$ cat my_file_12.cif   # mmCIF, C-alpha atoms and all ligand atoms
data_query
#
loop_
_atom_site.group_PDB
_atom_site.id
_atom_site.type_symbol
_atom_site.label_atom_id
_atom_site.label_comp_id
_atom_site.auth_asym_id
_atom_site.auth_seq_id
_atom_site.Cartn_x
_atom_site.Cartn_y
_atom_site.Cartn_z
ATOM 1 C CA MET A 1 21.766 -75.289 -216.875
ATOM 2 C CA LEU A 2 24.908 -75.703 -214.873
ATOM 3 C CA THR A 3 26.852 -72.583 -213.879
ATOM 4 C CA ILE A 4 30.327 -73.142 -212.492
ATOM 5 C CA THR A 5 31.279 -70.670 -209.782
ATOM 6 C CA SER A 6 34.731 -72.007 -208.941
ATOM 7 C CA ALA A 7 37.181 -74.758 -209.806
ATOM 8 C CA GLU A 8 40.154 -75.646 -207.641
ATOM 9 C CA PHE A 9 42.944 -78.172 -207.641
ATOM 10 C CA VAL A 10 42.534 -80.624 -204.750
ATOM 11 C CA LYS A 11 45.388 -83.121 -204.970
ATOM 12 C CA SER A 12 47.527 -85.412 -207.068
ATOM 13 C CA SER A 13 47.415 -89.133 -206.332
ATOM 14 C CA VAL A 14 49.440 -92.089 -207.522
ATOM 15 C CA ALA A 15 47.023 -94.724 -206.215
ATOM 16 C CA VAL A 16 43.256 -94.958 -205.898
ATOM 17 C CA GLU A 17 43.641 -95.204 -202.109
ATOM 18 C CA GLN A 18 45.150 -91.707 -202.065
ATOM 19 C CA CYS A 19 42.267 -90.087 -203.947
ATOM 20 C CA PRO A 20 40.034 -87.654 -202.018
ATOM 21 C CA SER A 21 37.780 -89.474 -199.595
ATOM 22 C CA GLN A 22 34.671 -87.307 -200.050
ATOM 23 C CA PRO A 23 32.285 -89.386 -202.175
ATOM 24 C CA LEU A 24 31.293 -86.589 -204.583
ATOM 25 C CA PRO A 25 30.197 -87.300 -208.162
ATOM 26 C CA GLU A 26 33.328 -87.701 -210.265
ATOM 27 C CA PHE A 27 34.130 -87.606 -213.995
ATOM 28 C CA ALA A 28 37.507 -88.660 -215.374
ATOM 29 C CA PHE A 29 39.283 -87.615 -218.576
ATOM 30 C CA ILE A 30 41.472 -90.146 -220.275
ATOM 31 C CA GLY A 31 43.059 -90.752 -223.672
ATOM 32 C CA ARG A 32 46.352 -90.768 -225.518
ATOM 33 C CA SER A 33 49.126 -88.604 -224.340
ATOM 34 C CA ASN A 34 48.771 -85.096 -225.841
ATOM 35 C CA VAL A 35 45.142 -85.623 -226.979
ATOM 36 C CA GLY A 36 44.057 -82.571 -224.978
ATOM 37 C CA LYS A 37 42.720 -83.892 -221.643
ATOM 38 C CA SER A 38 44.105 -81.075 -219.503
ATOM 39 C CA SER A 39 43.101 -78.452 -222.093
ATOM 40 C CA LEU A 40 39.535 -79.780 -222.195
ATOM 41 C CA ILE A 41 39.211 -79.567 -218.413
ATOM 42 C CA ASN A 42 40.429 -75.964 -218.528
ATOM 43 C CA MET A 43 37.992 -75.190 -221.320
ATOM 44 C CA LEU A 44 35.064 -76.692 -219.388
ATOM 45 C CA VAL A 45 35.777 -74.678 -216.268
ATOM 46 C CA GLN A 46 37.026 -71.628 -218.222
ATOM 47 C CA ARG A 47 40.312 -71.432 -216.377
ATOM 48 C CA ARG A 48 43.247 -71.360 -218.769
ATOM 49 C CA LYS A 49 45.845 -72.682 -216.363
ATOM 50 C CA LEU A 50 43.994 -74.874 -213.886
ATOM 51 C CA ALA A 51 45.201 -78.208 -215.310
ATOM 52 C CA LYS A 52 48.764 -78.025 -216.611
ATOM 53 C CA THR A 53 49.036 -78.495 -220.373
ATOM 54 C CA SER A 54 52.044 -78.983 -222.615
ATOM 55 C CA GLY A 55 53.016 -79.334 -226.257
ATOM 56 C CA LYS A 56 55.107 -82.346 -225.212
ATOM 57 C CA PRO A 57 53.334 -85.637 -224.532
ATOM 58 C CA GLY A 58 53.490 -87.153 -221.063
ATOM 59 C CA LYS A 59 52.846 -83.968 -219.079
ATOM 60 C CA THR A 60 50.215 -85.349 -216.685
ATOM 61 C CA GLN A 61 51.669 -88.227 -214.649
ATOM 62 C CA THR A 62 49.303 -88.452 -211.705
ATOM 63 C CA ILE A 63 45.574 -88.675 -210.962
ATOM 64 C CA ASN A 64 44.649 -85.015 -210.473
ATOM 65 C CA HIS A 65 41.434 -84.062 -208.733
ATOM 66 C CA PHE A 66 39.749 -80.712 -209.262
ATOM 67 C CA ILE A 67 36.716 -79.731 -207.222
ATOM 68 C CA ILE A 68 33.999 -77.853 -209.059
ATOM 69 C CA ASN A 69 31.444 -75.656 -207.324
ATOM 70 C CA GLU A 70 28.306 -74.479 -208.992
ATOM 71 C CA THR A 71 25.163 -72.577 -208.186
ATOM 72 C CA LYS A 72 22.544 -75.313 -207.991
ATOM 73 C CA ALA A 73 24.118 -78.551 -206.780
ATOM 74 C CA LYS A 74 26.699 -80.044 -204.443
ATOM 75 C CA PRO A 75 30.329 -79.841 -205.570
ATOM 76 C CA TRP A 76 31.722 -82.522 -207.875
ATOM 77 C CA TYR A 77 35.125 -83.604 -209.192
ATOM 78 C CA LEU A 78 36.782 -83.495 -212.568
ATOM 79 C CA VAL A 79 39.788 -85.786 -212.793
ATOM 80 C CA ASP A 80 42.735 -85.345 -215.132
ATOM 81 C CA LEU A 81 44.479 -88.649 -215.785
ATOM 82 C CA PRO A 82 47.872 -89.401 -217.336
ATOM 83 C CA GLY A 83 47.773 -90.248 -221.025
ATOM 84 C CA TYR A 84 48.409 -93.657 -222.537
ATOM 85 C CA GLY A 85 50.431 -94.589 -225.587
ATOM 86 C CA TYR A 86 53.366 -92.290 -225.092
ATOM 87 C CA ALA A 87 56.012 -93.868 -227.326
ATOM 88 C CA LYS A 88 58.932 -92.943 -225.076
ATOM 89 C CA THR A 89 57.528 -94.667 -222.014
ATOM 90 C CA ALA A 90 59.435 -97.824 -221.122
ATOM 91 C CA LYS A 91 57.469 -101.082 -221.297
ATOM 92 C CA SER A 92 57.756 -101.644 -217.542
ATOM 93 C CA ASP A 93 56.373 -98.138 -216.923
ATOM 94 C CA ARG A 94 53.488 -98.844 -219.290
ATOM 95 C CA LYS A 95 52.578 -101.891 -217.202
ATOM 96 C CA GLU A 96 52.705 -99.713 -214.095
ATOM 97 C CA TRP A 97 50.482 -97.134 -215.813
ATOM 98 C CA GLN A 98 47.979 -99.843 -216.638
ATOM 99 C CA LYS A 99 47.814 -101.163 -213.115
ATOM 100 C CA PHE A 100 47.516 -97.733 -211.592
ATOM 101 C CA ILE A 101 44.839 -96.507 -213.976
ATOM 102 C CA THR A 102 42.792 -99.700 -214.248
ATOM 103 C CA ASN A 103 42.805 -99.890 -210.477
ATOM 104 C CA TYR A 104 41.397 -96.363 -210.366
ATOM 105 C CA LEU A 105 38.787 -97.024 -213.071
ATOM 106 C CA GLU A 106 37.639 -100.300 -211.550
ATOM 107 C CA ASN A 107 37.650 -99.321 -207.893
ATOM 108 C CA ARG A 108 36.781 -95.653 -207.618
ATOM 109 C CA THR A 109 33.214 -96.073 -206.443
ATOM 110 C CA ASN A 110 32.105 -92.455 -206.983
ATOM 111 C CA LEU A 111 33.382 -92.384 -210.585
ATOM 112 C CA ILE A 112 30.268 -91.767 -212.655
ATOM 113 C CA CYS A 113 31.560 -91.570 -216.189
ATOM 114 C CA THR A 114 34.921 -91.707 -217.941
ATOM 115 C CA MET A 115 35.374 -89.402 -220.903
ATOM 116 C CA VAL A 116 37.603 -91.053 -223.501
ATOM 117 C CA LEU A 117 39.304 -88.360 -225.558
ATOM 118 C CA ILE A 118 40.101 -89.068 -229.188
ATOM 119 C CA ASP A 119 41.973 -86.775 -231.577
ATOM 120 C CA ALA A 120 39.402 -85.916 -234.258
ATOM 121 C CA ARG A 121 42.108 -85.685 -236.933
ATOM 122 C CA HIS A 122 43.008 -89.340 -237.085
ATOM 123 C CA GLU A 123 41.417 -92.579 -238.171
ATOM 124 C CA PRO A 124 40.552 -95.004 -235.375
ATOM 125 C CA GLN A 125 43.727 -96.065 -233.564
ATOM 126 C CA LYS A 126 44.188 -99.533 -232.149
ATOM 127 C CA ILE A 127 45.231 -98.286 -228.721
ATOM 128 C CA ASP A 128 42.038 -96.224 -228.320
ATOM 129 C CA LEU A 129 39.790 -99.004 -229.627
ATOM 130 C CA GLU A 130 41.379 -101.481 -227.228
ATOM 131 C CA PHE A 131 40.911 -99.104 -224.341
ATOM 132 C CA ILE A 132 37.252 -98.488 -225.256
ATOM 133 C CA GLU A 133 36.723 -102.231 -225.534
ATOM 134 C CA TYR A 134 38.261 -102.709 -222.096
ATOM 135 C CA LEU A 135 35.788 -100.193 -220.643
ATOM 136 C CA GLY A 136 32.868 -101.804 -222.454
ATOM 137 C CA LEU A 137 33.741 -105.320 -221.325
ATOM 138 C CA GLY A 138 34.292 -104.121 -217.766
ATOM 139 C CA GLY A 139 30.957 -102.319 -217.690
ATOM 140 C CA ILE A 140 32.730 -99.030 -216.910
ATOM 141 C CA PRO A 141 30.474 -96.189 -218.134
ATOM 142 C CA PHE A 142 32.141 -93.966 -220.724
ATOM 143 C CA ALA A 143 31.554 -91.359 -223.391
ATOM 144 C CA CYS A 144 33.719 -90.528 -226.427
ATOM 145 C CA VAL A 145 34.953 -86.967 -226.774
ATOM 146 C CA PHE A 146 36.616 -85.928 -230.021
ATOM 147 C CA THR A 147 39.205 -83.199 -229.496
ATOM 148 C CA LYS A 148 40.993 -80.565 -231.584
ATOM 149 C CA CYS A 149 38.128 -80.313 -234.080
ATOM 150 C CA ASP A 150 39.322 -76.776 -234.919
ATOM 151 C CA LYS A 151 42.266 -78.416 -236.666
ATOM 152 C CA LEU A 152 40.247 -79.940 -239.486
ATOM 153 C CA LYS A 153 37.731 -78.833 -242.085
ATOM 154 C CA PRO A 154 34.044 -79.617 -241.446
ATOM 155 C CA GLY A 155 33.918 -82.211 -244.242
ATOM 156 C CA ALA A 156 36.904 -84.092 -242.878
ATOM 157 C CA LEU A 157 35.481 -83.940 -239.370
ATOM 158 C CA THR A 158 32.150 -85.416 -240.489
ATOM 159 C CA ARG A 159 33.937 -88.150 -242.404
ATOM 160 C CA ASN A 160 36.185 -89.063 -239.468
ATOM 161 C CA LEU A 161 33.210 -89.190 -237.105
ATOM 162 C CA GLU A 162 31.362 -91.503 -239.489
ATOM 163 C CA VAL A 163 34.350 -93.813 -239.780
ATOM 164 C CA TYR A 164 34.713 -93.854 -236.005
ATOM 165 C CA SER A 165 31.055 -94.619 -235.406
ATOM 166 C CA SER A 166 31.027 -97.489 -237.878
ATOM 167 C CA THR A 167 34.226 -98.892 -236.340
ATOM 168 C CA LEU A 168 32.672 -98.795 -232.866
ATOM 169 C CA LEU A 169 29.561 -100.517 -234.183
ATOM 170 C CA GLU A 170 31.723 -103.461 -235.268
ATOM 171 C CA THR A 171 32.196 -104.162 -231.540
ATOM 172 C CA PHE A 172 29.273 -102.521 -229.773
ATOM 173 C CA VAL A 173 25.547 -102.927 -230.407
ATOM 174 C CA SER A 174 24.963 -99.224 -229.855
ATOM 175 C CA LEU A 175 27.095 -96.095 -229.789
ATOM 176 C CA PRO A 176 28.203 -94.428 -226.563
ATOM 177 C CA PRO A 177 27.451 -90.716 -226.075
ATOM 178 C CA ILE A 178 29.701 -88.808 -228.492
ATOM 179 C CA PHE A 179 30.898 -85.198 -228.192
ATOM 180 C CA VAL A 180 32.844 -83.031 -230.593
ATOM 181 C CA THR A 181 35.049 -80.406 -228.978
ATOM 182 C CA SER A 182 37.710 -77.767 -229.444
ATOM 183 C CA ALA A 183 39.505 -76.383 -226.416
ATOM 184 C CA GLU A 184 40.651 -73.493 -228.618
ATOM 185 C CA HIS A 185 37.142 -72.394 -229.559
ATOM 186 C CA SER A 186 35.173 -73.834 -226.603
ATOM 187 C CA THR A 187 33.221 -75.980 -229.051
ATOM 188 C CA GLY A 188 31.075 -78.609 -227.355
ATOM 189 C CA ARG A 189 31.362 -77.005 -223.923
ATOM 190 C CA GLN A 190 27.647 -76.620 -223.279
ATOM 191 C CA GLU A 191 26.848 -80.107 -224.606
ATOM 192 C CA LEU A 192 29.416 -81.678 -222.305
ATOM 193 C CA LEU A 193 28.310 -79.671 -219.277
ATOM 194 C CA ASP A 194 24.679 -80.623 -219.978
ATOM 195 C CA PHE A 195 25.745 -84.256 -220.120
ATOM 196 C CA LEU A 196 27.554 -84.032 -216.754
ATOM 197 C CA ALA A 197 24.656 -82.077 -215.246
ATOM 198 C CA GLN A 198 22.298 -85.031 -215.723
ATOM 199 C CA TYR A 199 24.267 -86.926 -213.086
ATOM 200 C CA ILE A 200 25.028 -84.168 -210.622
HETATM 201 N N1 LIG B 301 44.278 -76.559 -231.776
HETATM 202 C C1 LIG B 301 44.007 -77.180 -230.635
HETATM 203 N N2 LIG B 301 45.012 -77.569 -229.827
HETATM 204 C C2 LIG B 301 44.710 -78.219 -228.691
HETATM 205 C C3 LIG B 301 43.374 -78.516 -228.316
HETATM 206 N N3 LIG B 301 43.389 -79.191 -227.144
HETATM 207 C C4 LIG B 301 44.691 -79.302 -226.796
HETATM 208 N N4 LIG B 301 45.492 -78.723 -227.717
HETATM 209 C C5 LIG B 301 46.970 -78.650 -227.673
HETATM 210 O O1 LIG B 301 47.477 -79.979 -227.586
HETATM 211 C C6 LIG B 301 48.623 -80.043 -226.729
HETATM 212 C C7 LIG B 301 48.403 -81.064 -225.623
HETATM 213 O O2 LIG B 301 47.371 -80.616 -224.774
HETATM 214 P P1 LIG B 301 47.217 -81.163 -223.275
HETATM 215 O O3 LIG B 301 45.916 -80.630 -222.801
HETATM 216 O O4 LIG B 301 48.430 -80.880 -222.477
HETATM 217 O O5 LIG B 301 47.107 -82.725 -223.561
HETATM 218 P P2 LIG B 301 47.019 -83.941 -222.506
HETATM 219 O O6 LIG B 301 46.127 -84.953 -223.116
HETATM 220 O O7 LIG B 301 46.637 -83.419 -221.168
HETATM 221 O O8 LIG B 301 48.514 -84.469 -222.515
HETATM 222 P P3 LIG B 301 49.314 -85.360 -221.407
HETATM 223 O O9 LIG B 301 49.036 -84.764 -220.059
HETATM 224 O O10 LIG B 301 50.741 -85.177 -221.819
HETATM 225 O O11 LIG B 301 48.842 -86.760 -221.551
HETATM 226 C C8 LIG B 301 48.825 -78.611 -226.224
HETATM 227 O O12 LIG B 301 49.807 -78.001 -227.018
HETATM 228 C C9 LIG B 301 47.462 -77.973 -226.409
HETATM 229 O O13 LIG B 301 47.537 -76.583 -226.594
HETATM 230 C C10 LIG B 301 42.320 -78.083 -229.199
HETATM 231 O O14 LIG B 301 41.117 -78.297 -228.982
HETATM 232 N N5 LIG B 301 42.706 -77.424 -230.337
HETATM 233 MG MG MG B 302 47.571 -83.586 -219.382
#
$ encode --input "my_file_12.cif" --output "structure tokens" --more "lines below"
Ligand SMILES: Nc1nc2c(ncn2[C@@H]2O[C@H](COP(=O)(O)OP(=O)(O)OP(=O)(O)O)[C@@H](O)[C@H]2O)c(=O)[nH]1
Ligand SMILES: [Mg+2]
Amino acid sequence: MLTITSAEFVKSSVAVEQCPSQPLPEFAFIGRSNVGKSSLINMLVQRRKLAKTSGKPGKTQTINHFIINETKAKPWYLVDLPGYGYAKTAKSDRKEWQKFITNYLENRTNLICTMVLIDARHEPQKIDLEFIEYLGLGGIPFACVFTKCDKLKPGALTRNLEVYSSTLLETFVSLPPIFVTSAEHSTGRQELLDFLAQYI
């Protein structure tokens, strides 16, 4: 089992070239604006205010590295990425976002796995499916993490997960690793940490 002893902000970058040069194992969190990326990172490391969160979409605008120390292994990074699909973002800015993030995802050599966050309350959204397909086609390792599961009843959660899985199976031959989380209740924390621990 992995026991985190400290988690600290390292730096914000606006290009992959600016990211920390130490080649430590790295895991990135991505998904729609407001899906709960920053909150999930805080939940994992049990620090309420490490990654800045907001009720308004578009809070995280840079690639933010956090270094995590634990008892049994070398340090590793968690990376908070800006969200996609924020309706108020101008088209030209969206193109910029794409370049900046795809460049990171495709060229960050120590990036081990990208966690794609999906709001558990909704049916599959085109923007998420397209992003997942992009990762799949590019051979970029990823896992799906459903967020905000405290906001729906167990029956609805099960149903949404089933719909999501069958939608993914229309494109993929097998399902990626799937996690169900709540940053409010720390649901899924141990499962996610166990998943990361395999690589560390
Ligand atoms: N109920 C509930 N609310 C959550 C959960 N996770 C996040 N939220 C809320 O959702 C809002 C957005 O959370 P953030 O963590 O800032 O989301 P983000 O994906 O980092 O957003 P951007 O940085 O703007 O892309 C905040 O008001 C959080 O409190 C959760 O598991 N349960
Ligand atoms: Mg954020």
$ resolve_selection --input "my_file_12.cif" --expression "the PyMOL selection byres (((chain A and resi 77-79) around 9) and not hetatm)" --output "MDAnalysis selection string"
chainID A and resid 24:30 41 63:69 75:76 80:81
$ axis_aligned_box --input "my_file_12.cif" --around "ligand LIG 301 (chain B)" --padding-each-side "5 Å" --output "AutoDock Vina command-line options"
--center_x 45.9 --center_y -81.7 --center_z -225.9 --size_x 19.6 --size_y 20.2 --size_z 21.7
$ atom_distance --input "my_file_12.cif" --atom1 "atom CA of A:Gly58" --atom2 "atom CA of A:Gly83"
6.5 Å
$ resolve_selection --input "my_file_12.cif" --expression "the PyMOL selection byres (((not hetatm)) within 6 of (chain B and resi 301))" --output "list in words"
Ser33, Asn34, Val35, Gly36, Lys37, Ser38, Ser39, Thr53, Ser54, Gly55, Pro57, Gly58, Lys59, Thr60, Pro82, Gly83, Thr147, Lys148, Asp150, Lys151, Ser182, Ala183 and Glu184 of chain A
$ write_last_selection --input "my_file_12.cif" --atoms "C-alpha atoms" --output "tab-separated table (two decimals), keeping the file's coordinate frame"
chain	number	residue	atom	x	y	z
A	33	SER	CA	49.13	-88.60	-224.34
A	34	ASN	CA	48.77	-85.10	-225.84
A	35	VAL	CA	45.14	-85.62	-226.98
A	36	GLY	CA	44.06	-82.57	-224.98
A	37	LYS	CA	42.72	-83.89	-221.64
A	38	SER	CA	44.10	-81.08	-219.50
A	39	SER	CA	43.10	-78.45	-222.09
A	53	THR	CA	49.04	-78.50	-220.37
A	54	SER	CA	52.04	-78.98	-222.62
A	55	GLY	CA	53.02	-79.33	-226.26
A	57	PRO	CA	53.33	-85.64	-224.53
A	58	GLY	CA	53.49	-87.15	-221.06
A	59	LYS	CA	52.85	-83.97	-219.08
A	60	THR	CA	50.22	-85.35	-216.68
A	82	PRO	CA	47.87	-89.40	-217.34
A	83	GLY	CA	47.77	-90.25	-221.02
A	147	THR	CA	39.20	-83.20	-229.50
A	148	LYS	CA	40.99	-80.56	-231.58
A	150	ASP	CA	39.32	-76.78	-234.92
A	151	LYS	CA	42.27	-78.42	-236.67
A	182	SER	CA	37.71	-77.77	-229.44
A	183	ALA	CA	39.51	-76.38	-226.42
A	184	GLU	CA	40.65	-73.49	-228.62
$ atom_distance --input "my_file_12.cif" --atom1 "atom CA of A:Arg189" --atom2 "atom CA of A:Asp128"
22.4 Å
$ resolve_selection --input "my_file_12.cif" --expression "the PyMOL selection byres (((chain A and resi 20) around 8) and not hetatm)" --output "list in words"
Val10, Lys11, Gln18, Cys19, Ser21, Gln22, Pro23 and His65 of chain A
$ closest_residue --input "my_file_12.cif" --among "A:Glu17, A:Leu117, A:Ala73, A:Thr109" --to "ligand MG 302 (chain B)" --atoms "all atoms listed in the file"
A:Leu117
$ closest_residue --input "my_file_12.cif" --among "A:Leu2, A:Ile178, A:Val163, A:Leu40" --to "A:Leu196" --atoms "all atoms listed in the file"
A:Leu2
$ residues_around --input "my_file_12.cif" --residues "stretch 135-137 of chain A" --least-positions-apart "6" --cutoff "10 Å" --atoms "all atoms listed in the file" --output "PDB file with C-alpha atoms, in the frame of the given file"
ATOM      1  CA  THR A 102      42.792 -99.700-214.248  1.00  0.00           C
ATOM      2  CA  LEU A 105      38.787 -97.024-213.071  1.00  0.00           C
ATOM      3  CA  GLU A 106      37.639-100.300-211.550  1.00  0.00           C
ATOM      4  CA  THR A 114      34.921 -91.707-217.941  1.00  0.00           C
ATOM      5  CA  VAL A 116      37.603 -91.053-223.501  1.00  0.00           C
ATOM      6  CA  LEU A 129      39.790 -99.004-229.627  1.00  0.00           C
ATOM      7  CA  THR A 171      32.196-104.162-231.540  1.00  0.00           C
ATOM      8  CA  PHE A 172      29.273-102.521-229.773  1.00  0.00           C
ATOM      9  CA  PRO A 176      28.203 -94.428-226.563  1.00  0.00           C
TER      10      PRO A 176
END
$ closest_residue --input "my_file_12.cif" --among "A:Asn110, A:Thr167, A:Thr181, A:Thr187" --to "A:Ile140" --atoms "all atoms listed in the file"
A:Asn110
$ residues_around --input "my_file_12.cif" --residues "A:Lys126" --least-positions-apart "2" --cutoff "12 Å" --atoms "all atoms listed in the file" --output "JSON, numbers by chain"
{"A": [32, 85, 118, 122, 123, 124, 128, 129, 130, 131, 132, 133, 164, 167, 168]}
$ write_last_selection --input "my_file_12.cif" --atoms "C-alpha atoms" --output "short mmCIF file (atom, residue, chain, number, x, y, z; two decimals), keeping the file's coordinate frame"
data_model
loop_
_atom_site.label_atom_id
_atom_site.label_comp_id
_atom_site.auth_asym_id
_atom_site.auth_seq_id
_atom_site.Cartn_x
_atom_site.Cartn_y
_atom_site.Cartn_z
CA ARG A 32 46.35 -90.77 -225.52
CA GLY A 85 50.43 -94.59 -225.59
CA ILE A 118 40.10 -89.07 -229.19
CA HIS A 122 43.01 -89.34 -237.08
CA GLU A 123 41.42 -92.58 -238.17
CA PRO A 124 40.55 -95.00 -235.38
CA ASP A 128 42.04 -96.22 -228.32
CA LEU A 129 39.79 -99.00 -229.63
CA GLU A 130 41.38 -101.48 -227.23
CA PHE A 131 40.91 -99.10 -224.34
CA ILE A 132 37.25 -98.49 -225.26
CA GLU A 133 36.72 -102.23 -225.53
CA TYR A 164 34.71 -93.85 -236.00
CA THR A 167 34.23 -98.89 -236.34
CA LEU A 168 32.67 -98.80 -232.87
#
$ atom_distance --input "my_file_12.cif" --atom1 "atom CA of A:Ser12" --atom2 "atom CA of A:Ser92"
21.9 Å
$ closest_residue --input "my_file_12.cif" --among "A:Gly138, A:Gly31, A:Gly155, A:Gly188" --to "ligand MG 302 (chain B)" --atoms "all atoms listed in the file"
A:Gly31
$ closest_residue --input "my_file_12.cif" --among "A:Tyr199, A:Tyr84, A:Phe146, A:Phe9" --to "A:Asp119" --atoms "all atoms listed in the file"
A:Phe146
$ closest_residue --input "my_file_12.cif" --among "A:Leu175, A:Leu50, A:Ala197, A:Ala143" --to "ligand MG 302 (chain B)" --atoms "only C-alpha atoms and all ligand atoms"
A:Leu50
$ build_atoms --input "my_file_12.cif" --residues "stretch 63-78 of chain A" --atoms "N, CA and C atoms" --output "compact mmCIF listing (two decimals), in the frame of the given file"
# COMPACT_ATOMS: atom_id res chain seq x y z
N ILE A 63 47.03 -88.86 -210.96
CA ILE A 63 45.57 -88.68 -210.96
C ILE A 63 45.33 -87.33 -210.29
N ASN A 64 44.82 -86.36 -211.03
CA ASN A 64 44.65 -85.02 -210.47
C ASN A 64 43.18 -84.68 -210.29
N HIS A 65 42.82 -84.41 -209.04
CA HIS A 65 41.43 -84.06 -208.73
C HIS A 65 41.23 -82.55 -208.68
N PHE A 66 40.16 -82.11 -209.32
CA PHE A 66 39.75 -80.71 -209.26
C PHE A 66 38.33 -80.70 -208.71
N ILE A 67 38.07 -79.82 -207.76
CA ILE A 67 36.72 -79.73 -207.22
C ILE A 67 36.00 -78.56 -207.89
N ILE A 68 34.78 -78.84 -208.31
CA ILE A 68 34.00 -77.85 -209.06
C ILE A 68 32.78 -77.45 -208.22
N ASN A 69 32.63 -76.16 -208.03
CA ASN A 69 31.44 -75.66 -207.32
C ASN A 69 30.53 -74.98 -208.33
N GLU A 70 29.25 -75.15 -208.11
CA GLU A 70 28.31 -74.48 -208.99
C GLU A 70 27.12 -73.97 -208.20
N THR A 71 26.23 -73.27 -208.89
CA THR A 71 25.16 -72.58 -208.19
C THR A 71 24.09 -73.50 -207.62
N LYS A 72 23.75 -74.57 -208.37
CA LYS A 72 22.54 -75.31 -207.99
C LYS A 72 22.73 -76.67 -207.33
N ALA A 73 23.96 -77.20 -207.32
CA ALA A 73 24.12 -78.55 -206.78
C ALA A 73 25.33 -78.62 -205.86
N LYS A 74 25.52 -79.80 -205.27
CA LYS A 74 26.70 -80.04 -204.44
C LYS A 74 27.93 -80.00 -205.34
N PRO A 75 29.12 -79.82 -204.74
CA PRO A 75 30.33 -79.84 -205.57
C PRO A 75 30.57 -81.22 -206.19
N TRP A 76 31.37 -81.27 -207.21
CA TRP A 76 31.72 -82.52 -207.88
C TRP A 76 33.16 -82.43 -208.36
N TYR A 77 33.72 -83.58 -208.78
CA TYR A 77 35.12 -83.60 -209.19
C TYR A 77 35.28 -83.83 -210.69
N LEU A 78 36.27 -83.13 -211.25
CA LEU A 78 36.78 -83.50 -212.57
C LEU A 78 38.17 -84.07 -212.32
